[in-house]
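A.B. asks: What follows is model.txt, made up of compact mmCIF, C-alpha atoms:
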```txt
# COMPACT_ATOMS: atom_id res chain seq x y z
CA MET A 1 8.46 22.00 -7.80
CA PHE A 2 5.79 19.95 -9.55
CA LEU A 3 7.27 20.80 -12.96
CA TRP A 4 10.72 19.68 -11.76
CA PHE A 5 9.20 16.42 -10.54
CA THR A 6 7.39 15.70 -13.83
CA ASN A 7 10.65 16.15 -15.78
CA LEU A 8 12.34 13.32 -13.89
CA ALA A 9 12.56 9.78 -15.25
CA TYR A 10 9.54 7.70 -14.26
CA PRO A 11 11.49 5.21 -12.09
CA ILE A 12 12.94 8.21 -10.20
CA GLN A 13 9.45 9.66 -9.76
CA ALA A 14 8.28 6.30 -8.42
CA PHE A 15 11.26 6.11 -6.08
CA ILE A 16 10.61 9.59 -4.66
CA ALA A 17 6.90 8.86 -4.22
CA ALA A 18 7.68 5.58 -2.44
CA ILE A 19 10.24 7.35 -0.24
CA PHE A 20 7.31 9.55 0.81
CA THR A 21 5.21 6.51 1.74
CA TRP A 22 8.16 5.05 3.66
CA ALA A 23 8.59 8.38 5.46
CA ILE A 24 4.94 8.24 6.53
CA THR A 25 5.53 4.73 7.88
CA SER A 26 8.49 6.09 9.85
CA LEU A 27 6.37 9.00 11.03
CA GLY A 28 3.84 6.52 12.35
CA ALA A 29 6.63 4.75 14.23
CA THR A 30 7.65 8.02 15.95
CA VAL A 31 4.42 7.77 17.94
CA VAL A 32 6.32 5.38 20.21
CA PHE A 33 8.29 8.40 21.51
CA LEU A 34 5.17 10.49 22.17
CA PHE A 35 2.35 8.29 23.41
CA LYS A 36 1.71 4.99 25.07
CA LYS A 37 -1.30 4.63 22.80
CA VAL A 38 -2.91 6.66 20.01
CA ASN A 39 -6.51 7.86 19.83
CA LYS A 40 -8.32 4.99 18.10
CA SER A 41 -10.89 7.20 16.39
CA VAL A 42 -8.16 9.21 14.68
CA LEU A 43 -6.43 6.07 13.39
CA ASP A 44 -9.73 4.54 12.28
CA ALA A 45 -10.67 7.70 10.39
CA MET A 46 -7.28 7.66 8.65
CA LEU A 47 -7.75 3.99 7.72
CA GLY A 48 -11.26 4.66 6.41
CA PHE A 49 -10.07 7.61 4.33
CA ALA A 50 -7.13 5.62 2.95
CA ALA A 51 -9.50 2.77 2.06
CA GLY A 52 -11.61 5.15 -0.04
CA VAL A 53 -8.56 6.56 -1.79
CA MET A 54 -7.24 3.10 -2.57
CA ILE A 55 -10.60 1.81 -3.85
CA ALA A 56 -10.85 4.73 -6.27
CA ALA A 57 -7.19 4.36 -7.26
CA THR A 58 -7.73 0.66 -7.94
CA PHE A 59 -10.29 1.42 -10.62
CA PHE A 60 -9.28 4.80 -12.07
CA SER A 61 -5.48 4.39 -11.90
CA LEU A 62 -5.02 0.62 -12.21
CA LEU A 63 -7.92 -1.44 -13.58
CA SER A 64 -9.27 1.04 -16.15
CA PRO A 65 -5.80 1.65 -17.68
CA SER A 66 -5.17 -2.11 -17.55
CA ILE A 67 -8.29 -2.80 -19.64
CA GLU A 68 -7.39 -0.08 -22.15
CA MET A 69 -3.79 -1.26 -22.50
CA ALA A 70 -4.86 -4.89 -22.94
CA GLU A 71 -7.13 -3.83 -25.80
CA GLU A 72 -4.33 -1.87 -27.46
CA LEU A 73 -2.03 -4.91 -27.24
CA ASN A 74 -4.72 -7.15 -28.78
CA MET A 75 -5.10 -9.17 -25.60
CA ILE A 76 -8.41 -10.41 -24.19
CA PRO A 77 -9.02 -7.67 -21.58
CA TRP A 78 -11.31 -9.56 -19.21
CA VAL A 79 -8.95 -12.56 -19.10
CA VAL A 80 -5.80 -10.50 -18.51
CA VAL A 81 -7.37 -8.23 -15.90
CA SER A 82 -9.11 -11.08 -14.08
CA LEU A 83 -5.96 -13.20 -13.85
CA GLY A 84 -3.77 -10.26 -12.79
CA PHE A 85 -6.32 -9.09 -10.23
CA LEU A 86 -6.70 -12.59 -8.78
CA CYS A 87 -2.93 -13.11 -8.56
CA GLY A 88 -2.49 -9.82 -6.70
CA GLY A 89 -5.01 -10.82 -4.07
CA LEU A 90 -3.73 -14.40 -3.85
CA LEU A 91 -0.17 -13.24 -3.16
CA LEU A 92 -1.24 -11.39 -0.03
CA PHE A 93 -3.66 -14.15 0.99
CA LEU A 94 -0.92 -16.78 0.79
CA GLY A 95 1.49 -14.45 2.56
CA ASP A 96 -0.95 -14.04 5.45
CA LYS A 97 -1.47 -17.81 5.71
CA PHE A 98 2.27 -18.45 5.59
CA PHE A 99 3.00 -16.14 8.50
CA GLU A 100 0.02 -17.42 10.48
CA LEU A 101 1.55 -20.88 10.18
CA ILE A 102 4.95 -19.61 11.30
CA MET A 103 3.38 -17.83 14.28
CA ARG A 104 1.51 -20.97 15.40
CA LYS A 105 4.65 -23.09 15.19
CA SER A 106 6.61 -20.41 17.01
CA ASN A 107 4.06 -20.33 19.83
CA LYS A 108 4.26 -24.12 20.24
CA ASN A 109 8.05 -24.20 20.32
CA ASN A 110 8.47 -21.14 22.54
CA GLY A 111 6.05 -20.45 25.33
CA ASN A 112 7.42 -16.92 25.67
CA LYS A 113 8.24 -15.19 22.40
CA SER A 114 11.23 -12.91 22.44
CA SER A 115 10.93 -9.29 21.39
CA LEU A 116 13.25 -10.03 18.46
CA LYS A 117 11.02 -12.83 17.21
CA ARG A 118 7.97 -10.59 17.54
CA ALA A 119 9.80 -7.91 15.56
CA VAL A 120 10.74 -10.35 12.80
CA MET A 121 7.15 -11.55 12.47
CA LEU A 122 5.68 -8.06 12.44
CA ILE A 123 8.19 -6.72 9.93
CA SER A 124 7.83 -9.78 7.70
CA SER A 125 4.05 -9.51 7.71
CA MET A 126 4.16 -5.81 6.80
CA THR A 127 6.76 -6.49 4.10
CA ILE A 128 4.43 -8.93 2.36
CA HIS A 129 1.90 -6.10 2.10
CA ASN A 130 4.38 -3.36 1.25
CA ILE A 131 5.95 -5.12 -1.76
CA PRO A 132 2.81 -4.99 -3.94
CA GLU A 133 1.99 -1.53 -2.60
CA GLY A 134 5.40 -0.30 -3.72
CA MET A 135 4.99 -2.06 -7.06
CA ALA A 136 1.59 -0.40 -7.48
CA ILE A 137 3.28 2.99 -7.17
CA GLY A 138 5.99 2.01 -9.66
CA VAL A 139 3.49 0.61 -12.15
CA ALA A 140 1.33 3.74 -11.86
CA PHE A 141 4.29 5.99 -12.72
CA GLY A 142 5.74 3.68 -15.37
CA SER A 143 2.42 3.44 -17.22
CA ILE A 144 2.38 7.22 -17.80
CA VAL A 145 4.82 6.86 -20.68
CA TYR A 146 2.21 5.00 -22.78
CA GLY A 147 -0.29 7.86 -22.63
CA ILE A 148 -3.28 5.71 -21.68
CA GLU A 149 -6.33 7.32 -20.12
CA GLY A 150 -6.13 7.56 -16.33
CA ALA A 151 -2.35 7.15 -16.27
CA THR A 152 -1.18 10.60 -15.15
CA VAL A 153 1.34 12.00 -12.71
CA SER A 154 -1.42 13.44 -10.52
CA ALA A 155 -3.20 10.06 -10.40
CA ALA A 156 0.03 8.25 -9.51
CA LEU A 157 0.78 10.82 -6.81
CA MET A 158 -2.69 10.44 -5.31
CA LEU A 159 -2.23 6.69 -5.23
CA ALA A 160 1.06 7.21 -3.36
CA ILE A 161 -0.67 9.60 -0.95
CA GLY A 162 -3.42 7.05 -0.27
CA ILE A 163 -0.85 4.33 0.41
CA GLY A 164 1.13 6.76 2.55
CA ILE A 165 -1.91 7.60 4.69
CA GLN A 166 -2.56 3.96 5.50
CA ASN A 167 1.17 3.45 6.18
CA PHE A 168 1.03 5.77 9.20
CA PRO A 169 -0.97 3.37 11.38
CA GLU A 170 1.12 0.48 10.01
CA GLY A 171 4.29 2.07 11.40
CA THR A 172 2.49 2.65 14.70
CA ALA A 173 1.15 -0.91 14.69
CA VAL A 174 4.70 -2.26 14.57
CA ALA A 175 6.39 0.13 17.01
CA LEU A 176 3.85 0.28 19.86
CA PRO A 177 3.47 -3.49 20.43
CA LEU A 178 7.25 -3.88 20.53
CA ARG A 179 7.46 -1.11 23.08
CA ARG A 180 4.78 -2.79 25.19
CA GLU A 181 6.86 -5.98 25.20
CA GLY A 182 9.74 -4.11 26.80
CA MET A 183 11.82 -3.15 23.79
CA SER A 184 13.46 0.28 23.99
CA ARG A 185 11.75 3.19 22.24
CA SER A 186 14.65 3.62 19.80
CA LYS A 187 14.66 -0.05 18.79
CA ALA A 188 10.87 -0.13 18.45
CA PHE A 189 11.07 2.96 16.24
CA LEU A 190 13.83 1.37 14.13
CA PHE A 191 11.79 -1.78 13.51
CA GLY A 192 8.77 0.37 12.64
CA CYS A 193 10.86 2.17 10.02
CA LEU A 194 12.28 -1.06 8.61
CA SER A 195 8.78 -2.41 8.01
CA GLY A 196 8.34 -0.03 5.07
CA ILE A 197 11.83 0.08 3.58
CA VAL A 198 10.91 -2.37 0.81
CA GLU A 199 8.41 0.04 -0.79
CA PRO A 200 10.93 2.32 -2.59
CA ILE A 201 12.81 -0.72 -3.89
CA SER A 202 9.71 -2.48 -5.23
CA ALA A 203 8.44 0.82 -6.69
CA VAL A 204 11.55 1.20 -8.85
CA ILE A 205 11.35 -2.47 -9.92
CA GLY A 206 7.69 -2.03 -10.88
CA ALA A 207 8.39 1.10 -12.94
CA ILE A 208 11.34 -0.48 -14.76
CA LEU A 209 9.39 -3.66 -15.56
CA VAL A 210 6.58 -1.64 -17.10
CA LEU A 211 8.94 0.52 -19.14
CA LYS A 212 11.07 -2.37 -20.42
CA VAL A 213 8.41 -5.02 -21.06
CA GLN A 214 5.27 -3.36 -22.40
CA PHE A 215 3.07 -6.46 -22.54
CA LEU A 216 3.45 -6.83 -18.75
CA LEU A 217 1.77 -3.47 -18.15
CA PRO A 218 -1.91 -4.59 -18.13
CA ILE A 219 -1.02 -7.65 -16.05
CA LEU A 220 0.96 -5.66 -13.48
CA LEU A 221 -1.69 -2.95 -13.28
CA ALA A 222 -4.38 -5.54 -12.56
CA PHE A 223 -2.02 -7.36 -10.15
CA ALA A 224 -1.48 -4.16 -8.18
CA GLY A 225 -5.24 -3.57 -8.18
CA GLY A 226 -5.90 -7.01 -6.70
CA ALA A 227 -3.32 -6.40 -4.00
CA MET A 228 -4.87 -3.02 -3.17
CA VAL A 229 -8.39 -4.42 -2.88
CA TYR A 230 -7.17 -7.26 -0.66
CA VAL A 231 -5.52 -4.79 1.72
CA VAL A 232 -8.64 -2.61 1.78
CA VAL A 233 -11.11 -5.47 2.36
CA GLN A 234 -8.99 -7.57 4.69
CA GLU A 235 -7.41 -4.82 6.80
CA LEU A 236 -8.44 -1.22 6.34
CA ILE A 237 -12.25 -1.34 6.28
CA PRO A 238 -12.64 -4.07 8.95
CA GLU A 239 -10.26 -2.22 11.27
CA SER A 240 -11.96 1.14 10.76
CA GLN A 241 -15.36 -0.48 11.40
CA THR A 242 -14.32 -1.67 14.87
CA ASN A 243 -14.92 1.92 15.92
CA LYS A 244 -18.10 2.73 17.84
CA LYS A 245 -18.89 5.39 15.23
CA LYS A 246 -19.07 3.01 12.28
CA ASP A 247 -21.26 5.32 10.23
CA LEU A 248 -18.79 8.19 10.58
CA MET A 249 -15.88 5.94 9.58
CA ALA A 250 -17.86 4.90 6.49
CA LEU A 251 -18.21 8.57 5.56
CA PHE A 252 -14.44 8.96 5.76
CA THR A 253 -14.15 6.08 3.28
CA ILE A 254 -16.56 7.81 0.90
CA LEU A 255 -14.66 11.08 1.34
CA GLY A 256 -11.39 9.35 0.46
CA PHE A 257 -12.97 7.89 -2.69
CA ILE A 258 -14.29 11.32 -3.74
CA VAL A 259 -10.93 13.03 -3.20
CA MET A 260 -9.12 10.41 -5.29
CA MET A 261 -11.79 10.52 -8.00
CA ILE A 262 -11.54 14.33 -8.23
CA PHE A 263 -7.77 14.23 -8.59
CA ASP A 264 -7.95 11.42 -11.14
CA VAL A 265 -10.91 12.55 -13.26
CA ALA A 266 -11.14 16.31 -12.89
CA LEU A 267 -7.42 17.05 -12.64
CA GLY A 268 -6.01 14.03 -14.52
```
Mind converting the file's structure to structure tokens?
C.D. replies:
Amino acid sequence: MFLWFTNLAYPIQAFIAAIFTWAITSLGATVVFLFKKVNKSVLDAMLGFAAGVMIAATFFSLLSPSIEMAEELNMIPWVVVSLGFLCGGLLLFLGDKFFELIMRKSNKNNGNKSSLKRAVMLISSMTIHNIPEGMAIGVAFGSIVYGIEGATVSAALMLAIGIGIQNFPEGTAVALPLRREGMSRSKAFLFGCLSGIVEPISAVIGAILVLKVQFLLPILLAFAGGAMVYVVVQELIPESQTNKKKDLMALFTILGFIVMMIFDVALG
């Protein structure tokens, strides 16, 4: 099965991997059919583990290859990586501010928000995060063709797994609030699924961009890294640390980092 997968074109590999992450988002949304709420410790542990995976992936699968590729293309590595990294974080920062502004205006104009409006805001917010996550998957697979250190199928797959893990609570975070506002279970599930549909599309775009325009590779790798770190610092770690067992959640983060490092370094 793995051999069959590695023989596919890199954009197809990226698409399949991103379909997996979207499926995990949908799986998280199915919680709306099973529970009124999910055990917080379980979700926090998953978020902590995903944070560790994504931190390791940021360096081993994105930033380190970005530096190496910039050197090979006779660019100034620290300039290229710094600018790409900053832009990745700024995109999500500006996206968050944009939707905060929309939410405030919406609250002023409508004392009681409709379930549809809530759905649009939730899905839009998740989409802003899922676009660079999908692109990160695509860039990771597309960069394999250049044979740079750290750019391997196993590393790209582990990155997709890390993103997939943190997508589970994202799907739940969309579906459950909509259900609590009175939306039917099926509609809440549908909106939860839609929140991640952009990942496969952006993954293919990321892979094609890397394959067609080589000089964009170090920039896009660093860009994806900045987006990953923003998600980890702004969402995953703070949310996991709201748990009463903060020290245990921190260990899950370390465990996630170790698992990703093993796959990337030992098996890459």
A.B. asks: Go ahead and compute the interatomic distance for atom CA of Leu190 of chain A and atom CA of Leu47 of chain A, in Å to one decimal.
C.D. replies: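 Rounded to one decimal, the two atoms are 22.7 Å apart.
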A.B. asks: Considering all atoms listed in the file, can you say which of A:Thr242, A:Thr30, A:Ser202, A:Thr58 comes closest to Arg185 of chain A?
C.D. replies: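 Going through A:Thr242, A:Thr30, A:Ser202, A:Thr58 one by one, the smallest distance to Arg185 of chain A is for A:Thr30.
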A.B. asks: Compile the contact shell of segment 231-240 of chain A as an MDAnalysis selection string: residues with an atom at most 7 Å away, counting all atoms listed in the file, same-chain residues fewer than 2 positions apart removed.
C.D. replies: chainID A and resid 44:45 47:48 51 227:229 242:243 249
A.B. asks: Hey, what's within 9 Å of Leu157 of chain A if we count only C-alpha atoms and toss same-chain stuff fewer than 6 positions away? As a PyMOL selection string, please?
C.D. replies: chain A and resi 14+17+137+140-141
A.B. asks: Give me, please, the distance in Å between atom CA of Ile254 of chain A and atom CA of Met158 of chain A, quoted to one decimal.
C.D. replies: 15.4 Å
